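Content type compact mmCIF, C-alpha atoms and all ligand atoms, from the file query35.txt:
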# COMPACT_ATOMS: atom_id res chain seq x y z
CA MET S 2 125.70 53.31 112.54
CA SER S 3 122.42 52.77 110.77
CA LYS S 4 122.12 54.30 107.40
CA ILE S 5 119.01 56.39 106.91
CA GLU S 6 118.19 56.95 103.30
CA LEU S 7 117.54 60.68 102.91
CA LYS S 8 116.01 60.20 99.49
CA ALA S 9 112.80 59.25 101.25
CA PHE S 10 112.48 62.84 102.48
CA PHE S 11 113.12 64.17 99.06
CA GLU S 12 110.00 64.70 97.06
CA PHE S 13 111.36 66.79 94.21
CA CYS S 14 110.74 64.58 91.21
CA ARG S 15 112.83 66.42 88.63
CA VAL S 16 116.09 65.93 90.48
CA ARG S 17 118.02 62.89 91.70
CA ILE S 18 120.10 62.70 94.84
CA VAL S 19 123.53 61.49 93.87
CA LYS S 20 125.38 61.93 97.14
CA GLN S 21 124.52 62.39 100.80
CA ALA S 22 126.69 63.22 103.79
CA VAL S 23 125.79 63.89 107.43
CA ASN S 24 128.14 65.64 109.80
CA ILE S 25 126.71 65.11 113.28
CA LYS S 26 129.32 67.31 114.99
CA SER S 27 128.71 70.40 112.92
CA LYS S 28 125.00 69.54 112.56
CA LEU S 29 125.09 69.62 108.81
CA VAL S 30 123.38 67.52 106.17
CA PHE S 31 124.80 67.81 102.70
CA LEU S 32 123.05 66.56 99.60
CA LYS S 33 124.15 66.62 96.04
CA ALA S 34 121.48 66.59 93.35
CA LYS S 35 121.31 66.43 89.58
CA PRO S 36 118.52 66.92 87.08
CA ASP S 37 116.71 63.64 86.45
CA GLU S 38 117.51 62.99 82.83
CA ARG S 39 114.40 60.94 82.23
CA TYR S 40 112.59 64.26 81.92
CA LYS S 41 113.03 66.85 79.22
CA PRO S 42 114.18 70.22 80.60
CA VAL S 43 111.37 72.70 81.24
CA CYS S 44 111.57 76.49 80.93
CA HIS S 45 111.00 78.05 84.35
CA ASN S 46 109.26 80.96 82.72
CA CYS S 47 106.69 79.50 80.29
CA LYS S 48 106.92 75.85 81.40
CA GLY S 49 107.54 74.80 77.78
CA HIS S 50 109.89 71.88 77.04
CA SER S 51 113.22 72.23 75.28
CA ASP S 52 115.97 69.86 74.16
CA SER S 53 118.49 72.51 73.45
CA ILE S 54 120.98 72.85 76.31
CA HIS S 55 122.88 76.12 76.47
CA SER S 56 125.14 75.56 79.51
CA TYR S 57 125.61 73.69 82.82
CA HIS S 58 125.70 75.37 86.25
CA GLU S 59 125.73 74.62 89.95
CA ARG S 60 124.46 76.33 93.09
CA THR S 61 123.76 75.56 96.73
CA VAL S 62 120.50 76.23 98.53
CA ARG S 63 119.06 75.62 101.99
CA ASP S 64 116.30 73.06 102.54
CA MET S 65 114.19 72.18 105.61
CA SER S 66 116.41 71.13 108.49
CA ILE S 67 116.59 67.44 109.35
CA PHE S 68 116.16 67.22 113.10
CA GLU S 69 118.48 70.03 114.21
CA SER S 70 120.84 69.74 111.28
CA LYS S 71 120.99 72.40 108.65
CA THR S 72 120.39 70.90 105.23
CA LEU S 73 122.23 72.16 102.18
CA ILE S 74 121.55 70.96 98.66
CA GLN S 75 124.15 71.47 96.03
CA TYR S 76 122.45 70.93 92.72
CA SER S 77 123.38 71.25 89.11
CA TYR S 78 121.02 72.73 86.58
CA ARG S 79 121.00 73.69 82.94
CA LYS S 80 120.31 76.83 81.02
CA ILE S 81 118.20 76.02 78.00
CA ARG S 82 117.17 77.70 74.80
CA CYS S 83 113.44 78.17 75.04
CA LEU S 84 111.60 78.94 71.81
CA CYS S 85 109.46 81.53 73.57
CA CYS S 86 111.78 83.00 76.20
CA GLY S 87 115.34 82.68 74.86
CA ILE S 88 118.13 81.44 77.13
CA VAL S 89 116.61 80.63 80.50
CA VAL S 90 117.20 78.57 83.63
CA GLU S 91 115.38 75.25 83.63
CA ASP S 92 112.64 74.61 86.17
CA LEU S 93 113.50 71.76 88.52
CA ALA S 94 110.47 72.37 90.77
CA LEU S 95 113.00 72.62 93.58
CA VAL S 96 113.60 76.35 93.95
CA ASP S 97 112.68 79.67 92.41
CA PRO S 98 115.74 80.65 90.38
CA THR S 99 116.43 83.83 92.39
CA VAL S 100 115.71 82.42 95.86
CA ARG S 101 118.36 80.70 97.91
CA VAL S 102 116.07 78.25 99.67
CA THR S 103 113.95 75.36 98.40
CA LYS S 104 110.28 75.93 97.65
CA ARG S 105 109.18 73.94 100.66
CA LEU S 106 111.45 75.92 103.00
CA ALA S 107 110.12 79.14 101.45
CA SER S 108 106.58 78.02 102.17
CA TYR S 109 107.51 77.20 105.78
CA ILE S 110 109.08 80.67 106.10
CA LEU S 111 105.81 82.24 104.91
CA ASP S 112 103.89 80.27 107.54
CA LEU S 113 106.22 81.54 110.25
CA CYS S 114 105.96 85.13 108.96
CA ARG S 115 102.28 85.08 109.89
CA PHE S 116 103.18 84.83 113.57
CA MET S 117 106.73 86.13 113.92
CA THR S 118 108.73 89.15 112.83
CA ILE S 119 111.22 88.76 109.99
CA LYS S 120 114.04 89.10 112.47
CA GLU S 121 112.65 86.30 114.63
CA VAL S 122 112.13 83.98 111.64
CA ALA S 123 115.67 84.65 110.42
CA LYS S 124 117.08 83.91 113.86
CA HIS S 125 114.97 80.77 114.31
CA LEU S 126 116.13 79.29 110.98
CA SER S 127 119.63 80.81 111.09
CA LEU S 128 119.03 82.51 107.80
CA ASP S 129 119.98 85.93 106.64
CA TRP S 130 117.38 88.60 107.47
CA LYS S 131 117.32 89.74 103.88
CA THR S 132 116.63 86.24 102.54
CA VAL S 133 113.54 85.96 104.74
CA LYS S 134 112.39 89.43 103.81
CA ASP S 135 112.82 88.83 100.09
CA ILE S 136 110.77 85.63 100.23
CA HIS S 137 108.03 87.35 102.21
CA LYS S 138 108.03 90.42 99.99
CA ARG S 139 107.86 88.38 96.80
CA TYR S 140 104.88 86.46 98.15
CA LEU S 141 103.10 89.67 99.17
CA GLN S 142 103.78 91.25 95.80
CA GLY S 143 102.20 88.28 94.10
CA SER S 144 99.12 88.44 96.32
CA PHE S 145 98.51 92.12 96.93
CA SER S 146 100.22 94.27 94.31
CA HIS S 147 97.48 94.26 91.72
CA GLU S 148 94.34 93.66 93.69
CA ASP S 149 91.03 94.86 92.37
CA VAL S 150 89.61 97.44 94.77
CA GLY S 151 86.03 96.91 93.59
CA TYR S 152 83.40 99.62 93.95
CA PRO S 153 83.65 100.99 97.47
CA ARG S 154 80.94 103.45 98.54
CA LEU S 155 82.64 104.97 101.55
CA LEU S 156 86.35 105.57 101.86
CA ALA S 157 88.49 106.57 104.79
CA ILE S 158 91.88 108.09 104.20
CA ASP S 159 94.50 108.22 106.86
CA GLU S 160 98.13 109.10 106.96
CA ILE S 161 100.79 107.39 109.00
CA SER S 162 104.16 108.82 109.83
CA LEU S 163 107.21 106.67 109.29
CA LYS S 164 110.30 106.68 111.44
CA LYS S 165 111.82 109.74 109.92
CA ARG S 166 109.88 112.92 110.47
CA HIS S 167 108.06 114.37 107.47
CA HIS S 168 107.95 110.98 105.86
CA TYR S 169 104.40 109.71 105.46
CA LEU S 170 102.28 107.03 103.90
CA THR S 171 98.71 107.57 102.76
CA VAL S 172 96.43 104.65 103.56
CA ILE S 173 93.06 104.27 101.84
CA ILE S 174 90.44 102.07 103.43
CA ASN S 175 87.12 100.73 102.27
CA TRP S 176 85.12 102.09 105.17
CA GLU S 177 82.42 99.45 105.10
CA THR S 178 84.69 96.40 105.04
CA GLY S 179 87.76 97.79 106.75
CA ARG S 180 89.96 96.49 103.94
CA VAL S 181 93.06 98.51 103.04
CA LEU S 182 92.73 99.25 99.34
CA TRP S 183 95.81 101.24 98.63
CA VAL S 184 98.96 102.55 100.28
CA GLY S 185 101.01 105.34 98.73
CA GLU S 186 104.14 107.20 99.67
CA GLY S 187 103.76 110.77 100.94
CA ARG S 188 100.66 112.75 101.85
CA LYS S 189 100.59 115.20 99.03
CA TYR S 190 97.94 116.09 96.49
CA GLU S 191 99.83 113.93 93.98
CA THR S 192 99.78 110.94 96.34
CA LEU S 193 96.01 110.83 96.56
CA LYS S 194 95.61 111.79 92.93
CA GLY S 195 97.69 108.72 92.10
CA PHE S 196 95.07 106.53 93.76
CA PHE S 197 92.11 108.17 92.04
CA ASP S 198 93.88 107.98 88.68
CA SER S 199 94.23 104.23 89.14
CA LEU S 200 90.43 103.89 89.33
CA THR S 201 88.02 103.73 86.45
CA GLU S 202 85.42 106.45 86.06
CA GLU S 203 82.77 104.00 87.21
CA GLN S 204 84.71 103.23 90.37
CA ARG S 205 85.17 106.93 91.11
CA ASN S 206 81.49 107.61 90.55
CA ALA S 207 80.54 104.88 93.00
CA ILE S 208 82.26 106.73 95.86
CA GLN S 209 79.67 108.60 97.92
CA ALA S 210 81.72 109.90 100.83
CA ILE S 211 85.35 110.12 101.90
CA ALA S 212 86.54 110.64 105.46
CA ILE S 213 89.77 112.60 105.60
CA ASP S 214 91.83 114.88 107.75
CA MET S 215 91.42 118.66 107.41
CA TRP S 216 94.36 118.64 105.03
CA ASP S 217 94.14 120.85 101.96
CA PRO S 218 96.19 118.73 99.51
CA TYR S 219 93.85 115.75 100.15
CA ILE S 220 90.78 117.97 99.91
CA LYS S 221 91.95 119.33 96.57
CA ALA S 222 92.56 115.84 95.18
CA VAL S 223 89.11 114.63 96.31
CA LYS S 224 87.31 117.67 94.93
CA GLU S 225 89.02 117.28 91.60
CA SER S 226 88.73 113.52 91.17
CA CYS S 227 85.42 112.82 92.90
CA PRO S 228 83.50 116.09 92.82
CA GLU S 229 80.24 114.31 93.71
CA ALA S 230 81.61 112.60 96.82
CA ALA S 231 80.95 114.21 100.21
CA ILE S 232 84.01 115.11 102.24
CA VAL S 233 83.66 114.07 105.88
CA PHE S 234 85.96 115.26 108.65
CA ASP S 235 85.63 112.51 111.19
CA GLN S 236 85.94 112.85 114.93
CA PHE S 237 89.20 110.95 115.10
CA HIS S 238 91.03 113.38 112.86
CA VAL S 239 89.49 116.57 114.24
CA VAL S 240 90.12 115.59 117.87
CA LYS S 241 93.66 114.62 116.89
CA ALA S 242 94.13 118.13 115.49
CA PHE S 243 92.78 119.61 118.72
CA SER S 244 95.23 117.44 120.67
CA LYS S 245 98.02 119.38 119.02
CA VAL S 246 96.40 122.58 120.31
CA ILE S 247 96.31 121.12 123.83
CA ASP S 248 99.98 120.34 123.57
CA LYS S 249 100.80 123.85 122.46
CA VAL S 250 98.89 125.31 125.42
CA ARG S 251 100.55 122.88 127.78
CA ASN S 252 104.00 123.89 126.56
CA SER S 253 103.34 127.58 126.95
CA GLU S 254 101.80 127.07 130.40
CA TYR S 255 104.89 125.09 131.39
CA ARG S 256 107.15 127.94 130.39
CA LYS S 257 105.08 130.41 132.44
CA ALA S 258 104.78 128.19 135.53
CA ASP S 259 106.81 128.46 138.74
CA LYS S 260 108.93 125.58 139.99
CA GLU S 261 106.06 123.84 141.75
CA GLY S 262 103.75 124.29 138.75
CA LYS S 263 106.38 122.94 136.35
CA GLU S 264 106.58 119.83 138.49
CA VAL S 265 102.82 119.22 138.09
CA ILE S 266 102.71 119.98 134.34
CA LYS S 267 105.79 117.93 133.52
CA GLY S 268 104.95 114.63 131.86
CA SER S 269 101.22 115.39 131.78
CA LYS S 270 100.89 115.29 128.00
CA TYR S 271 99.08 111.97 127.77
CA LEU S 272 96.95 112.65 130.86
CA LEU S 273 95.32 115.47 128.97
CA LEU S 274 95.00 113.63 125.68
CA LYS S 275 93.77 110.33 127.04
CA ASN S 276 90.12 109.43 126.94
CA LYS S 277 88.62 109.96 130.41
CA ASP S 278 87.45 106.35 130.56
CA ASN S 279 90.91 105.02 129.80
CA LEU S 280 92.65 106.75 132.72
CA LEU S 281 94.44 104.44 135.12
CA GLU S 282 93.58 104.74 138.83
CA GLU S 283 96.94 106.33 139.65
CA GLU S 284 96.52 108.86 136.85
CA LYS S 285 93.25 110.27 138.15
CA PRO S 286 94.68 112.28 141.12
CA LYS S 287 97.48 113.57 138.89
CA LEU S 288 95.01 114.91 136.37
CA LYS S 289 92.91 116.43 139.16
CA ALA S 290 95.94 118.26 140.58
CA LEU S 291 96.87 119.51 137.13
CA LEU S 292 93.40 120.86 136.38
CA LYS S 293 93.17 122.48 139.82
CA LEU S 294 96.44 124.28 139.27
CA ASN S 295 96.02 125.61 135.78
CA GLU S 296 93.00 127.39 134.38
CA ALA S 297 94.06 127.35 130.72
CA LEU S 298 94.66 123.61 130.80
CA THR S 299 91.29 123.07 132.46
CA THR S 300 89.64 125.07 129.69
CA VAL S 301 91.24 123.10 126.86
CA TYR S 302 90.54 119.83 128.62
CA ILE S 303 86.84 120.63 128.93
CA LEU S 304 86.67 121.96 125.39
CA LYS S 305 88.20 118.73 124.07
CA ASP S 306 85.56 116.59 125.74
CA TYR S 307 82.82 118.94 124.69
CA LEU S 308 84.02 118.97 121.07
CA LYS S 309 83.40 115.21 120.77
CA LYS S 310 79.67 115.84 121.31
CA LEU S 311 79.57 117.38 117.86
CA TRP S 312 79.60 113.95 116.23
CA GLN S 313 76.56 112.82 118.18
CA TYR S 314 74.19 115.03 116.21
CA LYS S 315 72.10 113.43 113.52
CA TYR S 316 70.59 116.60 112.07
CA ALA S 317 72.76 119.01 110.16
CA ASN S 318 71.11 122.13 111.63
CA CYS S 319 71.64 120.97 115.20
CA ALA S 320 75.25 120.09 114.45
CA LYS S 321 75.77 123.51 112.88
CA ARG S 322 74.32 125.23 115.94
CA PHE S 323 76.52 123.21 118.26
CA LEU S 324 79.60 123.95 116.18
CA ASN S 325 78.94 127.68 116.38
CA HIS S 326 78.39 127.41 120.11
CA TRP S 327 81.66 125.56 120.57
CA CYS S 328 83.51 128.15 118.50
CA CYS S 329 82.03 130.97 120.67
CA LEU S 330 83.33 129.23 123.81
CA ALA S 331 86.72 128.81 122.15
CA GLU S 332 86.87 132.50 121.30
CA GLU S 333 85.82 133.49 124.80
CA SER S 334 88.68 131.44 126.23
CA LYS S 335 91.09 134.07 124.84
CA ILE S 336 93.66 131.30 124.51
CA ARG S 337 95.31 132.00 121.16
CA PRO S 338 95.86 128.48 119.78
CA VAL S 339 92.27 127.60 120.77
CA MET S 340 90.92 130.68 119.00
CA ALA S 341 92.91 129.78 115.90
CA PHE S 342 91.49 126.27 116.02
CA ALA S 343 87.94 127.65 116.15
CA LYS S 344 88.68 129.55 112.94
CA THR S 345 89.91 126.35 111.32
CA LEU S 346 86.78 124.51 112.39
CA LYS S 347 84.57 127.17 110.88
CA ARG S 348 86.49 126.94 107.63
CA TYR S 349 86.01 123.19 107.49
CA ALA S 350 82.50 123.15 108.96
CA TYR S 351 80.98 121.72 105.76
CA GLY S 352 82.85 118.46 106.18
CA ILE S 353 82.05 118.16 109.86
CA ILE S 354 78.36 118.70 109.19
CA ASN S 355 78.52 116.09 106.39
CA HIS S 356 79.00 113.59 109.15
CA CYS S 357 75.25 113.76 109.83
CA LYS S 358 74.58 112.30 106.41
CA PHE S 359 77.53 109.90 106.41
CA PRO S 360 78.16 108.88 110.02
CA ILE S 361 81.65 107.50 109.63
CA HIS S 362 82.46 106.49 113.17
CA THR S 363 85.75 107.11 114.79
CA SER S 364 86.16 103.76 116.47
CA ARG S 365 86.89 101.92 113.24
CA MET S 366 89.35 104.57 112.11
CA GLU S 367 91.07 104.42 115.47
CA GLY S 368 91.15 100.62 115.35
CA ILE S 369 92.78 100.61 111.93
CA ASN S 370 95.25 103.28 112.99
CA ASN S 371 96.21 101.31 116.09
CA LYS S 372 96.65 98.09 114.12
CA ILE S 373 98.99 99.86 111.70
CA LYS S 374 100.95 101.26 114.65
CA VAL S 375 101.49 97.73 115.96
CA ILE S 376 102.68 96.59 112.50
CA LYS S 377 105.00 99.59 112.42
CA ARG S 378 106.49 98.66 115.78
CA LYS S 379 106.98 95.06 114.64
CA ALA S 380 108.47 96.19 111.34
CA TYR S 381 111.26 98.19 112.96
CA GLY S 382 114.29 98.73 110.84
CA PHE S 383 112.43 98.49 107.56
CA HIS S 384 113.13 101.29 105.17
CA ASP S 385 111.46 99.53 102.31
CA VAL S 386 108.22 101.44 101.90
CA GLU S 387 106.81 99.05 99.31
CA TYR S 388 107.34 96.11 101.64
CA PHE S 389 105.80 97.92 104.58
CA SER S 390 102.80 98.89 102.44
CA LEU S 391 102.29 95.29 101.38
CA ILE S 392 102.39 94.13 104.99
CA ILE S 393 99.67 96.63 105.85
CA LYS S 394 97.53 95.43 102.95
CA SER S 395 97.97 91.80 103.92
CA ALA S 396 97.07 92.52 107.55
CA PHE S 397 93.67 93.82 106.45
CA ALA S 398 93.18 91.32 103.67
CA HIS S 399 90.57 89.26 105.50
CA CYS S 400 88.22 92.27 105.60
CA ASN S 401 85.96 91.62 102.68
ZN ZN N 501 110.00 79.70 78.03
What do you get writing this file as structure tokens?
Ligand SMILES: [Zn+2]
Amino acid sequence: MSKIELKAFFEFCRVRIVKQAVNIKSKLVFLKAKPDERYKPVCHNCKGHSDSIHSYHERTVRDMSIFESKTLIQYSYRKIRCLCCGIVVEDLALVDPTVRVTKRLASYILDLCRFMTIKEVAKHLSLDWKTVKDIHKRYLQGSFSHEDVGYPRLLAIDEISLKKRHHYLTVIINWETGRVLWVGEGRKYETLKGFFDSLTEEQRNAIQAIAIDMWDPYIKAVKESCPEAAIVFDQFHVVKAFSKVIDKVRNSEYRKADKEGKEVIKGSKYLLLKNKDNLLEEEKPKLKALLKLNEALTTVYILKDYLKKLWQYKYANCAKRFLNHWCCLAEESKIRPVMAFAKTLKRYAYGIINHCKFPIHTSRMEGINNKIKVIKRKAYGFHDVEYFSLIIKSAFAHCN
């Protein structure tokens, strides 16, 4: 058998390979390494040199596989007395002291994380899921935890629901660049206040308009922290709120319907909520049958489409007139949830009209929301909110 020298694949200059063993059957490469004593030990924290050895230790870490064989490196290292940091682990430029894989394997893992889920990476490298996650999280923390948000002019604030009900994240976006600036747990007044408090007065003063949901805790936080900024209720959020009204009406119509009617209404939720242009061919006759059968559902369906027109107005007076007109139609419908919604709209009219001055379009908001939903689906099983938040930030990091 030819003897391949594994040292050639070993570029870590502060350690020496003292033993190598290959077990073809169990696909395992085993290396034993020692600190290269030609170099003075270095503190892993401050990178200062020290001659004073405190103790000797040993641990085993994973390295890049060689062909299909898992590579393990058992290496010894020293704890040293550093003048600045006290007793610390020496830096061998091989691993980070708390990570169980070599630096080069960690960097390969990060490359894979750009294209695969944590679970897939872990499976591919036969590593523990948590090891992969920790490496990824640490990298994201280093890159995105203390980013400077700059001086954004327009902000968009959205909330996303996590797996458990009543568990939310607040996401703050620089409207003009699409970059996610901040992610916080919850959707309370305190959540948003936390973001504003992290800004300087200059940064807060630079904000001209903020698109948010018609959600009083957010409104209160904005009014308090950025009293000069205009609050804008964008189409995406308002239509989303009306979608809930449609669902309420649909449920009550279902309860009232006879057997045949129930059959038609059943499973029609998304038919009614979907954008007309996005309907599939087979969905069109279903929607037609539904609207033919039920007057209340027809009314809310038409009102939903009509409501969207509101954001086409460029002049505040015209928008105001249209809003009043829409509210009259809603009241005439005599459908209770629709009437209640009209009241809400009137209460929040100022922010809807502000759209004329700050036309914050829905498409971008929807795009960001959809992208986060995809991340959420990929990140299944994660209960680590900080990690999830960092993933969201990194996904929008190129938007500058
Ligand atoms: Zn030190």
Atom-to-atom span, atom CA of Asn371 of chain S and atom CA of Ile110 of chain S, Å: 26.3 Å
Spatial sel., origin (108.0, 91.8, 99.9), limit 10 Å, all atoms listed in the file, listed as a PDB file with C-alpha atoms, in the frame of the given file:
ATOM      1  CA  VAL S 133     113.540  85.960 104.740  1.00  0.00           C
ATOM      2  CA  LYS S 134     112.390  89.430 103.810  1.00  0.00           C
ATOM      3  CA  ASP S 135     112.820  88.830 100.090  1.00  0.00           C
ATOM      4  CA  ILE S 136     110.770  85.630 100.230  1.00  0.00           C
ATOM      5  CA  HIS S 137     108.030  87.350 102.210  1.00  0.00           C
ATOM      6  CA  LYS S 138     108.030  90.420  99.990  1.00  0.00           C
ATOM      7  CA  ARG S 139     107.860  88.380  96.800  1.00  0.00           C
ATOM      8  CA  TYR S 140     104.880  86.460  98.150  1.00  0.00           C
ATOM      9  CA  LEU S 141     103.100  89.670  99.170  1.00  0.00           C
ATOM     10  CA  GLN S 142     103.780  91.250  95.800  1.00  0.00           C
ATOM     11  CA  GLY S 143     102.200  88.280  94.100  1.00  0.00           C
ATOM     12  CA  PHE S 145      98.510  92.120  96.930  1.00  0.00           C
ATOM     13  CA  SER S 146     100.220  94.270  94.310  1.00  0.00           C
ATOM     14  CA  ASP S 385     111.460  99.530 102.310  1.00  0.00           C
ATOM     15  CA  VAL S 386     108.220 101.440 101.900  1.00  0.00           C
ATOM     16  CA  GLU S 387     106.810  99.050  99.310  1.00  0.00           C
ATOM     17  CA  TYR S 388     107.340  96.110 101.640  1.00  0.00           C
ATOM     18  CA  PHE S 389     105.800  97.920 104.580  1.00  0.00           C
ATOM     19  CA  SER S 390     102.800  98.890 102.440  1.00  0.00           C
ATOM     20  CA  LEU S 391     102.290  95.290 101.380  1.00  0.00           C
ATOM     21  CA  ILE S 392     102.390  94.130 104.990  1.00  0.00           C
TER      22      ILE S 392
END
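Considering all atoms listed in the file, the residue among S:Gly87, S:Pro42, S:Pro98, S:Pro360 positioned nearest to ligand ZN 501 (chain N) is S:Gly87.
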For a quick check of understanding, using only C-alpha atoms, which of S:Arg60, S:Arg39, S:Lys289, S:Lys394 has the smallest distance to Arg17 of chain S?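 Among the listed residues, S:Arg39 lies closest to Arg17 of chain S.
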Residues within 12 Å of ligand ZN 501 (chain N) should be enumerated using all atoms listed in the file and returned as a ChimeraX atom specification. /S:42-51,80-92
Which residue out of S:Val150, S:Ile213, S:Ala290, S:Ile393 has the minimum interatomic distance to Phe237 of chain S when all atoms listed in the file are used?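 Between S:Val150, S:Ile213, S:Ala290, S:Ile393, the residue approaching Phe237 of chain S most closely is S:Ile213.
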Pick from S:Ser226, S:Asn175, S:Thr103, S:Gln209, whichever lies nearest to Gly195 of chain S using all atoms listed in the file: S:Ser226
Long-range neighbours of segment 27-37 of chain S as a compact mmCIF listing (two decimals) with C-alpha atoms, in the coordinates of the input, 7 Å cut-off, only C-alpha atoms, 4 positions minimum in chain:
# COMPACT_ATOMS: atom_id res chain seq x y z
CA ARG S 15 112.83 66.42 88.63
CA VAL S 16 116.09 65.93 90.48
CA ARG S 17 118.02 62.89 91.70
CA ILE S 18 120.10 62.70 94.84
CA VAL S 19 123.53 61.49 93.87
CA LYS S 20 125.38 61.93 97.14
CA GLN S 21 124.52 62.39 100.80
CA ALA S 22 126.69 63.22 103.79
CA VAL S 23 125.79 63.89 107.43
CA GLU S 69 118.48 70.03 114.21
CA SER S 70 120.84 69.74 111.28
CA LYS S 71 120.99 72.40 108.65
CA THR S 72 120.39 70.90 105.23
CA LEU S 73 122.23 72.16 102.18
CA ILE S 74 121.55 70.96 98.66
CA GLN S 75 124.15 71.47 96.03
CA TYR S 76 122.45 70.93 92.72
CA SER S 77 123.38 71.25 89.11
CA TYR S 78 121.02 72.73 86.58
Glu333 of chain S surroundings by only C-alpha atoms, 12 Å radius, close-in-sequence under 5 positions cut, as a PyMOL selection string: chain S and resi 297+300-301+304+326-328+339-341+343
Selected residues written out with C-alpha atoms, as a PDB file, keeping the file's coordinate frame:
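Result went into selection10.pdb, see below:
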ATOM      1  CA  ALA S 297      94.060 127.350 130.720  1.00  0.00           C
ATOM      2  CA  THR S 300      89.640 125.070 129.690  1.00  0.00           C
ATOM      3  CA  VAL S 301      91.240 123.100 126.860  1.00  0.00           C
ATOM      4  CA  LEU S 304      86.670 121.960 125.390  1.00  0.00           C
ATOM      5  CA  HIS S 326      78.390 127.410 120.110  1.00  0.00           C
ATOM      6  CA  TRP S 327      81.660 125.560 120.570  1.00  0.00           C
ATOM      7  CA  CYS S 328      83.510 128.150 118.500  1.00  0.00           C
ATOM      8  CA  VAL S 339      92.270 127.600 120.770  1.00  0.00           C
ATOM      9  CA  MET S 340      90.920 130.680 119.000  1.00  0.00           C
ATOM     10  CA  ALA S 341      92.910 129.780 115.900  1.00  0.00           C
ATOM     11  CA  ALA S 343      87.940 127.650 116.150  1.00  0.00           C
TER      12      ALA S 343
END
Would you mind putting N, CA and C atoms back on segment 134-145 of chain S and writing the result as a short mmCIF file (atom, residue, chain, number, x, y, z; two decimals), in the frame of the given file?
data_model
loop_
_atom_site.label_atom_id
_atom_site.label_comp_id
_atom_site.auth_asym_id
_atom_site.auth_seq_id
_atom_site.Cartn_x
_atom_site.Cartn_y
_atom_site.Cartn_z
N LYS S 134 113.18 88.29 104.28
CA LYS S 134 112.39 89.43 103.81
C LYS S 134 112.06 89.32 102.33
N ASP S 135 113.05 88.93 101.54
CA ASP S 135 112.82 88.83 100.09
C ASP S 135 111.73 87.81 99.76
N ILE S 136 111.78 86.69 100.48
CA ILE S 136 110.77 85.63 100.23
C ILE S 136 109.38 86.16 100.59
N HIS S 137 109.31 86.82 101.75
CA HIS S 137 108.03 87.35 102.21
C HIS S 137 107.52 88.44 101.26
N LYS S 138 108.42 89.31 100.86
CA LYS S 138 108.03 90.42 99.99
C LYS S 138 107.52 89.91 98.64
N ARG S 139 108.25 88.93 98.10
CA ARG S 139 107.86 88.38 96.80
C ARG S 139 106.45 87.77 96.88
N TYR S 140 106.20 87.07 97.98
CA TYR S 140 104.88 86.46 98.15
C TYR S 140 103.79 87.55 98.23
N LEU S 141 104.08 88.60 99.02
CA LEU S 141 103.10 89.67 99.17
C LEU S 141 102.85 90.40 97.86
N GLN S 142 103.93 90.59 97.11
CA GLN S 142 103.78 91.25 95.80
C GLN S 142 102.84 90.46 94.91
N GLY S 143 103.03 89.14 94.92
CA GLY S 143 102.20 88.28 94.10
C GLY S 143 100.74 88.34 94.52
N SER S 144 100.50 88.49 95.82
CA SER S 144 99.12 88.44 96.32
C SER S 144 98.43 89.79 96.37
N PHE S 145 99.19 90.85 96.62
CA PHE S 145 98.51 92.12 96.93
C PHE S 145 98.87 93.32 96.04
#
